[in-house]
Every structure is written in C-alpha cells, then in structure tokens.
>>> print(open('start-v2.cif').read())   # mmCIF, C-alpha atoms and all ligand atoms
data_run
loop_
_atom_site.label_atom_id
_atom_site.label_comp_id
_atom_site.auth_asym_id
_atom_site.auth_seq_id
_atom_site.Cartn_x
_atom_site.Cartn_y
_atom_site.Cartn_z
CA MET A 319 0.00 0.00 0.00
CA ASN A 320 2.86 2.39 0.78
CA ASN A 321 4.93 1.84 -2.36
CA TYR A 322 4.14 5.26 -3.78
CA GLU A 323 6.58 6.94 -6.16
CA THR A 324 6.44 10.48 -4.80
CA VAL A 325 4.69 12.77 -2.35
CA ILE A 326 2.66 15.69 -3.68
CA LYS A 327 2.03 18.49 -1.20
CA LEU A 328 -1.00 20.72 -1.70
CA LEU A 329 -2.40 23.66 0.23
CA PHE A 330 -6.02 24.67 0.51
CA LEU A 331 -6.36 28.46 0.57
CA GLY A 332 -9.30 30.83 0.63
CA ASN A 333 -11.53 32.85 2.93
CA ALA A 334 -13.11 31.30 6.00
CA GLY A 335 -16.50 29.77 5.26
CA VAL A 336 -16.02 29.01 1.54
CA GLY A 337 -16.00 25.26 2.24
CA LYS A 338 -12.33 24.22 2.32
CA SER A 339 -12.73 21.80 5.22
CA SER A 340 -15.91 20.39 3.66
CA LEU A 341 -14.15 19.84 0.32
CA LEU A 342 -11.26 18.15 2.08
CA ALA A 343 -13.63 15.89 4.02
CA ARG A 344 -15.29 14.89 0.73
CA TRP A 345 -11.93 14.19 -0.88
CA GLN A 346 -10.82 12.19 2.13
CA ASN A 347 -13.88 10.17 3.07
CA GLU A 348 -16.88 11.21 1.00
CA SER A 349 -18.72 12.68 3.98
CA PHE A 350 -20.39 16.07 4.38
CA ASN A 351 -21.10 17.53 7.79
CA THR A 352 -22.95 20.84 8.05
CA SER A 353 -21.55 21.41 11.55
CA ILE A 354 -17.90 20.83 10.69
CA PRO A 355 -15.80 22.72 13.28
CA SER A 356 -13.88 25.80 12.13
CA THR A 357 -10.31 24.97 11.24
CA ILE A 358 -7.91 26.18 13.92
CA GLY A 359 -4.55 26.90 12.32
CA ILE A 360 -3.78 23.89 10.15
CA ASP A 361 -5.40 20.53 9.42
CA PHE A 362 -3.46 17.83 7.65
CA ASN A 363 -4.74 15.04 5.42
CA SER A 364 -2.97 12.32 3.53
CA LYS A 365 -4.24 9.97 0.85
CA ILE A 366 -2.69 7.45 -1.54
CA VAL A 367 -3.90 7.97 -5.11
CA ASP A 368 -3.40 5.95 -8.28
CA ILE A 369 -3.27 8.07 -11.37
CA THR A 370 -3.08 7.24 -15.05
CA MET A 371 -0.56 9.41 -16.84
CA ALA A 372 -0.80 7.85 -20.28
CA SER A 373 -3.08 5.20 -21.78
CA CYS A 374 -0.15 2.82 -22.29
CA ASP A 375 1.11 3.18 -18.73
CA LYS A 376 0.19 1.30 -15.57
CA PRO A 377 -1.40 3.47 -12.85
CA ARG A 378 1.20 5.42 -10.93
CA ARG A 379 0.87 5.61 -7.17
CA VAL A 380 1.45 8.91 -5.39
CA LYS A 381 0.86 10.10 -1.86
CA VAL A 382 -1.07 13.36 -1.66
CA ASN A 383 -0.66 15.45 1.46
CA ILE A 384 -3.11 18.30 1.78
CA TRP A 385 -2.94 21.07 4.33
CA ASP A 386 -6.20 22.80 5.07
CA THR A 387 -5.32 26.25 6.27
CA ALA A 388 -7.50 28.47 8.38
CA GLY A 389 -8.65 31.56 6.50
CA GLN A 390 -9.26 33.56 9.64
CA GLU A 391 -7.24 36.74 9.94
CA ARG A 392 -5.98 35.90 13.43
CA PHE A 393 -4.39 32.67 12.27
CA ARG A 394 -2.59 34.07 9.26
CA SER A 395 0.76 34.46 10.99
CA ILE A 396 0.82 30.74 11.91
CA VAL A 397 -0.10 29.78 8.39
CA TYR A 398 2.72 31.69 6.67
CA SER A 399 5.38 29.17 7.63
CA TYR A 400 3.33 26.40 6.00
CA TYR A 401 2.98 28.24 2.68
CA ARG A 402 6.57 27.44 1.84
CA SER A 403 6.12 23.68 1.93
CA GLY A 404 3.26 23.47 -0.59
CA GLN A 405 4.05 22.42 -4.17
CA GLY A 406 0.55 23.18 -5.42
CA LEU A 407 -2.50 25.20 -4.46
CA ILE A 408 -6.24 24.66 -4.28
CA LEU A 409 -7.59 28.19 -4.09
CA VAL A 410 -11.25 28.29 -3.10
CA TYR A 411 -14.02 30.90 -3.24
CA ALA A 412 -17.78 30.46 -2.95
CA ILE A 413 -19.89 31.38 -6.00
CA ASN A 414 -22.35 33.22 -3.73
CA ASP A 415 -19.72 35.28 -1.90
CA ILE A 416 -18.19 38.22 -3.74
CA CYS A 417 -15.62 38.95 -0.99
CA SER A 418 -14.23 35.44 -1.21
CA PHE A 419 -13.75 35.92 -4.97
CA LEU A 420 -12.17 39.37 -4.66
CA ASN A 421 -9.82 37.99 -2.00
CA LEU A 422 -8.32 35.41 -4.38
CA SER A 423 -5.73 38.00 -5.37
CA TYR A 424 -4.84 38.48 -1.71
CA TRP A 425 -4.15 34.75 -1.32
CA ILE A 426 -2.14 34.64 -4.51
CA GLY A 427 -0.14 37.61 -3.22
CA CYS A 428 0.65 35.71 0.00
CA ILE A 429 2.05 32.81 -2.00
CA GLU A 430 3.90 35.10 -4.42
CA LYS A 431 5.87 36.47 -1.47
CA THR A 432 6.66 33.14 0.16
CA ASN A 433 6.54 30.34 -2.42
CA PRO A 434 6.02 31.62 -6.01
CA GLU A 435 6.90 28.22 -7.56
CA ALA A 436 3.65 26.81 -6.18
CA LEU A 437 1.66 29.22 -8.37
CA ASN A 438 2.62 27.05 -11.38
CA ASN A 439 0.43 24.29 -9.95
CA MET A 440 -2.87 25.85 -9.06
CA ILE A 441 -6.57 25.15 -9.37
CA ILE A 442 -9.20 27.79 -8.71
CA VAL A 443 -12.31 26.25 -7.16
CA GLY A 444 -15.70 27.97 -7.17
CA ASN A 445 -17.45 26.05 -4.39
CA LYS A 446 -21.12 25.97 -3.29
CA ALA A 447 -22.29 25.51 -6.90
CA ASP A 448 -25.52 24.11 -5.44
CA LYS A 449 -26.31 27.69 -4.33
CA TYR A 450 -26.79 28.78 -7.93
CA LEU A 451 -29.91 30.79 -7.04
CA HIS A 452 -27.64 33.06 -4.98
CA ARG A 453 -24.78 33.07 -7.45
CA VAL A 454 -22.88 36.38 -7.71
CA ILE A 455 -19.83 35.10 -9.63
CA SER A 456 -20.57 33.64 -13.05
CA TYR A 457 -18.81 30.53 -14.29
CA GLU A 458 -17.17 32.65 -17.01
CA LYS A 459 -15.82 35.17 -14.50
CA GLY A 460 -14.25 32.39 -12.43
CA LYS A 461 -12.78 30.73 -15.50
CA GLU A 462 -11.41 34.03 -16.77
CA PHE A 463 -9.65 34.61 -13.45
CA ALA A 464 -8.18 31.10 -13.52
CA ASP A 465 -7.03 31.50 -17.14
CA SER A 466 -5.31 34.79 -16.31
CA HIS A 467 -3.22 32.90 -13.73
CA ASN A 468 -2.64 29.81 -15.90
CA ALA A 469 -4.61 27.80 -13.39
CA PHE A 470 -7.15 25.02 -13.74
CA PHE A 471 -10.74 25.90 -12.94
CA VAL A 472 -13.66 23.93 -11.55
CA GLU A 473 -16.98 24.69 -9.89
CA THR A 474 -17.76 22.25 -7.08
CA SER A 475 -20.32 21.49 -4.44
CA ALA A 476 -19.07 19.89 -1.27
CA MET A 477 -22.68 19.52 -0.25
CA GLU A 478 -23.64 17.55 -3.37
CA ASN A 479 -20.22 15.91 -3.76
CA ASP A 480 -19.83 17.35 -7.24
CA LYS A 481 -16.55 17.68 -9.21
CA ILE A 482 -14.21 17.62 -6.19
CA LYS A 483 -12.29 14.48 -7.10
CA GLU A 484 -12.15 15.48 -10.76
CA GLY A 485 -10.71 18.89 -9.89
CA ILE A 486 -8.06 17.67 -7.48
CA LEU A 487 -7.08 14.81 -9.79
CA LEU A 488 -6.61 17.26 -12.66
CA LEU A 489 -4.05 19.15 -10.60
CA ILE A 490 -2.36 16.04 -9.21
CA THR A 491 -2.03 14.44 -12.65
CA LYS A 492 -0.43 17.58 -14.08
CA MET A 493 2.01 17.72 -11.15
CA ALA A 494 2.81 14.00 -11.39
CA LYS A 495 3.64 14.41 -15.07
CA ASP A 496 6.13 17.14 -14.16
CA ILE A 497 7.66 15.24 -11.23
CA LEU A 498 7.66 11.55 -12.16
CA PRO A 499 9.75 9.98 -14.88
CA GLN A 500 7.73 9.62 -18.07
CA PRO A 501 6.16 6.24 -18.87
CA ILE A 502 8.55 3.85 -20.64
CA CYS A 503 5.78 2.70 -22.97
CA ASP A 504 5.81 5.82 -25.11
CA ASN A 505 5.22 4.49 -28.64
CA THR A 506 5.54 7.80 -30.43
CA HIS A 507 8.75 6.60 -32.09
CA ILE A 508 8.46 3.25 -33.85
CA PRO A 509 11.96 2.26 -34.98
CA THR A 510 12.50 1.55 -38.65
CA GLU A 511 14.94 -1.02 -40.06
CA SER A 512 17.54 1.67 -40.57
CA ASP A 513 17.53 2.62 -36.86
CA THR A 514 20.62 1.55 -34.96
CA VAL A 515 19.90 -1.14 -32.38
CA ASP A 516 20.88 -0.18 -28.83
CA VAL A 517 23.68 -2.55 -27.90
CA ASN A 518 22.83 -2.36 -24.19
CA CYS A 519 19.38 -3.66 -24.82
CA SER A 520 19.05 -7.22 -23.59
CA PHE A 521 15.43 -8.02 -24.57
CA PHE A 522 12.90 -6.87 -27.12
CA ASP A 523 9.16 -7.03 -26.72
CA THR A 524 7.16 -9.65 -28.61
CA HIS A 525 6.98 -7.43 -31.71
CA GLY A 526 10.71 -6.96 -31.66
CA VAL A 527 10.46 -3.18 -31.68
CA ARG A 528 10.77 -1.97 -28.11
CA CYS A 529 13.70 -2.46 -25.84
CA ILE A 530 12.89 -3.87 -22.42
CA ILE A 531 15.61 -2.98 -19.95
N1 LIG A 601 -24.57 24.89 0.36
C1 LIG A 601 -23.30 24.54 0.56
N2 LIG A 601 -22.74 24.76 1.76
C2 LIG A 601 -21.44 24.39 1.93
C3 LIG A 601 -20.67 23.80 0.88
N3 LIG A 601 -19.41 23.59 1.35
C4 LIG A 601 -19.42 23.99 2.62
N4 LIG A 601 -20.62 24.48 2.98
C5 LIG A 601 -21.00 25.04 4.30
O1 LIG A 601 -20.29 26.24 4.49
C6 LIG A 601 -19.90 26.39 5.85
C7 LIG A 601 -18.38 26.57 5.95
O2 LIG A 601 -17.74 25.37 5.51
P1 LIG A 601 -16.26 24.98 5.93
O3 LIG A 601 -15.93 23.73 5.23
O4 LIG A 601 -16.10 25.00 7.41
O5 LIG A 601 -15.46 26.22 5.32
P2 LIG A 601 -13.94 26.65 5.55
O6 LIG A 601 -13.93 27.70 6.61
O7 LIG A 601 -13.48 27.22 4.23
O8 LIG A 601 -13.16 25.44 5.94
C8 LIG A 601 -20.42 25.14 6.58
O9 LIG A 601 -21.65 25.45 7.17
C9 LIG A 601 -20.61 24.14 5.47
O10 LIG A 601 -21.63 23.21 5.77
C10 LIG A 601 -21.31 23.59 -0.38
O11 LIG A 601 -20.74 23.09 -1.36
N5 LIG A 601 -22.63 23.99 -0.48
MG MG A 602 -11.97 25.10 7.65
#
>>> encode(input="start-v2.cif", output="structure tokens")
Amino acid sequence: MNNYETVIKLLFLGNAGVGKSSLLARWQNESFNTSIPSTIGIDFNSKIVDITMASCDKPRRVKVNIWDTAGQERFRSIVYSYYRSGQGLILVYAINDICSFLNLSYWIGCIEKTNPEALNNMIIVGNKADKYLHRVISYEKGKEFADSHNAFFVETSAMENDKIKEGILLLITKMAKDILPQPICDNTHIPTESDTVDVNCSFFDTHGVRCII
C-alpha cells in the first residue's frame, strides 16, 4: 500500500467559510457535515492515489498530502510558515460570496511572497455551486480569473459531492507528469529497419520493436 513513487504536497487556501474543510472531508472520506468545526490553524490530510498518466502506462501511485489552512485573519501568521512547503494550491471561493472571490488575489499575493513556484500548480475552485440561485460570480468570471493565472478551474459542491475528485485529480495528474519519470511505454517513435539497435538492450518485446531494460 505504501509503495508510492512520490509525495505531492498541496495547500487549501481561501476565505473562511467558503468550504475548504468540507471539500477536504469529501476528498478524504466522501462525507459532508454541516456542523464541521472551524479549522484552527492547520489541518493535515494524507491519501494514496493511483493516477493514469498515459493510456499505455500502468497506474502510478502517489501520496497526496493536503494542508487545510484556516482563512481567519488571526491565524494568518501561523499559516505563513506552511505556505513554503506546498508544491501546489487549491484556491477556493464560494460562488455566492463576492468577498471570497475578490480575496483570491490576496491569497495569490501571499504565495507570491513566500513560495512563487507553487503558483505554477494551481486550481481555482468555485465552491457551493448548489447555491446557484444566490450566485454572484458567473462561471465565465471564475474561468477568466483562472485563465489569467494559468490555473485550472472547476466549480464544485461539497454539499452535493460534485466535481471535487475530478478537480483535485486534474491538478495532481499535471504535477505528477512534471515530477515523475515519463512512462517507458511511449510508442511515439516506432523504430525503422535503418535505426541503430541499442547494444545495451538485452530483450525486445514480442513485436521486436521496443527495448525492455
Ligand atoms: N450549500 C453549501 N454549503 C457548503 C458547501 N461547502 C461547505 N458548505 C457550508 O459552508 C460552511 C463553511 O464550511 P467549511 O468547510 O467550514 O469552510 P472553511 O472555513 O473554508 O473550511 C459550513 O456550514 C458548510 O456546511 C457547499 O458546497 N454547499
Ligand atoms: Mg476550515
């Protein structure tokens, strides 16, 4: 179970109340609890995930560590030291809360100062999509913001368990592709007869075209 190839470290960021802890609970154990306690400082979650990087490749096993940070102003000083350890970011607002959307730039600014590399691996999450009757941020507006930061974008509902796994997997798969060695079954180059045979190659596959080391 523990033979994972790498550890991917993600941070949840966003205003208090947007649903970070609820999203994390869904990701971790599929549950939703309307009376989830406010996060004090930092919560930590770990999960082993199998991801498919290419159709020809076997699933690759990674360990995903997610820190759920408290959005509350009074905890921000504690949280700063954790920003540095994240390799990727899940930046959350609620589609019915304009302040949480406007504050996305604040959170990005925090990371820019402490850990700018992590901004290359980011997904913007518009949560509480089930509250569409009270929507104040359109899907297009959220997507536009994400595009302007080269980030993935997804609208989710922790309450209805919608699109959470898909969103996080999108980010993890992209990061795994950057971190892990590429699959050895890449068939993009099929050798021709004129190709030189690799002398260090001890076996060929059944079609005699690919070297098996
Ligand atoms: N309607 C709705 N409520 C949600 C959703 N996600 C979280 N909530 C509620 O929003 C409140 C704050 O959620 P919480 O996960 O503690 O937010 P956090 O402060 O960002 O960690 C709680 O009452 C949750 O039940 C959602 O997708 N839809
Ligand atoms: Mg919380």
>>> residues_around(input="start-v2.cif", residues="A:Trp345", least_positions_apart="5", cutoff="9 Å", atoms="only C-alpha atoms", output="list of chain:residue names")
A:Ser340, A:Lys365, A:Asn479, A:Ile482, A:Lys483, A:Ile486
>>> axis_aligned_box(input="start-v2.cif", around="ligand LIG 601 (chain A)", padding_each_side="4 Å", output="lines of an AutoDock Vina configuration file")
center_x = -18.9
center_y = 25.4
center_z = 3.0
size_x = 19.4
size_y = 12.6
size_z = 16.8
>>> atom_distance(input="start-v2.cif", atom1="atom CA of A:Gly485", atom2="atom CA of A:Val472")
6.1 Å
>>> residues_around(input="start-v2.cif", residues="A:Val382", least_positions_apart="4", cutoff="9 Å", atoms="all atoms listed in the file", output="list in words")
Thr324, Val325, Ile326, Lys327, Leu328, Asn363, Ser364, Lys365, Ile366, Val367 and Ile490 of chain A
>>> write_last_selection(input="start-v2.cif", atoms="C-alpha atoms", output="mmCIF file, keeping the file's coordinate frame")
data_model
loop_
_atom_site.group_PDB
_atom_site.id
_atom_site.type_symbol
_atom_site.label_atom_id
_atom_site.label_comp_id
_atom_site.auth_asym_id
_atom_site.auth_seq_id
_atom_site.Cartn_x
_atom_site.Cartn_y
_atom_site.Cartn_z
ATOM 1 C CA THR A 324 6.440 10.480 -4.800
ATOM 2 C CA VAL A 325 4.690 12.770 -2.350
ATOM 3 C CA ILE A 326 2.660 15.690 -3.680
ATOM 4 C CA LYS A 327 2.030 18.490 -1.200
ATOM 5 C CA LEU A 328 -1.000 20.720 -1.700
ATOM 6 C CA ASN A 363 -4.740 15.040 5.420
ATOM 7 C CA SER A 364 -2.970 12.320 3.530
ATOM 8 C CA LYS A 365 -4.240 9.970 0.850
ATOM 9 C CA ILE A 366 -2.690 7.450 -1.540
ATOM 10 C CA VAL A 367 -3.900 7.970 -5.110
ATOM 11 C CA ILE A 490 -2.360 16.040 -9.210
#
>>> closest_residue(input="start-v2.cif", among="A:Ser466, A:Thr387, A:Ser373, A:Asn414", to="ligand MG 602 (chain A)", atoms="all atoms listed in the file")
A:Thr387
>>> residues_around(input="start-v2.cif", residues="A:Leu437", least_positions_apart="6", cutoff="8 Å", atoms="only C-alpha atoms", output="list in words")
Gly406, Leu407, Ile426, Ile429 and Glu430 of chain A
>>> residues_around(input="start-v2.cif", residues="stretch 377-379 of chain A", least_positions_apart="2", cutoff="7 Å", atoms="all atoms listed in the file", output="list in words")
Tyr322, Glu323, Ile366, Val367, Asp368, Ile369, Thr370, Asp375 and Lys381 of chain A
>>> write_last_selection(input="start-v2.cif", atoms="C-alpha atoms", output="PDB file, in the coordinates of the input")
ATOM      1  CA  TYR A 322       4.140   5.260  -3.780  1.00  0.00           C
ATOM      2  CA  GLU A 323       6.580   6.940  -6.160  1.00  0.00           C
ATOM      3  CA  ILE A 366      -2.690   7.450  -1.540  1.00  0.00           C
ATOM      4  CA  VAL A 367      -3.900   7.970  -5.110  1.00  0.00           C
ATOM      5  CA  ASP A 368      -3.400   5.950  -8.280  1.00  0.00           C
ATOM      6  CA  ILE A 369      -3.270   8.070 -11.370  1.00  0.00           C
ATOM      7  CA  THR A 370      -3.080   7.240 -15.050  1.00  0.00           C
ATOM      8  CA  ASP A 375       1.110   3.180 -18.730  1.00  0.00           C
ATOM      9  CA  LYS A 381       0.860  10.100  -1.860  1.00  0.00           C
TER      10      LYS A 381
END
>>> residues_around(input="start-v2.cif", residues="A:Lys492", least_positions_apart="4", cutoff="10 Å", atoms="all atoms listed in the file", output="JSON, numbers by chain")
{"A": [371, 439, 440, 487, 488, 496, 497]}
>>> atom_distance(input="start-v2.cif", atom1="atom CA of A:Leu422", atom2="atom CA of A:Ala343")
21.9 Å
>>> atom_distance(input="start-v2.cif", atom1="atom O6 of ligand LIG 601 (chain A)", atom2="atom CA of A:Asp361")
11.5 Å
>>> closest_residue(input="start-v2.cif", among="A:Gly444, A:Ala372, A:Asp386, A:Glu473", to="ligand MG 602 (chain A)", atoms="all atoms listed in the file")
A:Asp386
>>> residues_near_point(input="start-v2.cif", point="(-1.0, 25.9, -1.7)", cutoff="7 Å", atoms="all atoms listed in the file", output="list in words")
Leu328, Leu329, Phe330, Leu331, Tyr401, Gly404, Gln405, Gly406, Leu407, Ile408 and Ala436 of chain A
>>> closest_residue(input="start-v2.cif", among="A:Ser403, A:Asn468, A:Asp480, A:Val454", to="A:Cys417", atoms="all atoms listed in the file")
A:Val454
>>> closest_residue(input="start-v2.cif", among="A:Lys446, A:Lys376, A:His452, A:Lys461", to="ligand LIG 601 (chain A)", atoms="only C-alpha atoms and all ligand atoms")
A:Lys446
>>> closest_residue(input="start-v2.cif", among="A:Met477, A:Arg402, A:Phe362, A:Leu498", to="A:Pro434", atoms="all atoms listed in the file")
A:Arg402
>>> closest_residue(input="start-v2.cif", among="A:Ala447, A:Ala494, A:Cys428, A:Leu342", to="A:Ser399", atoms="all atoms listed in the file")
A:Cys428
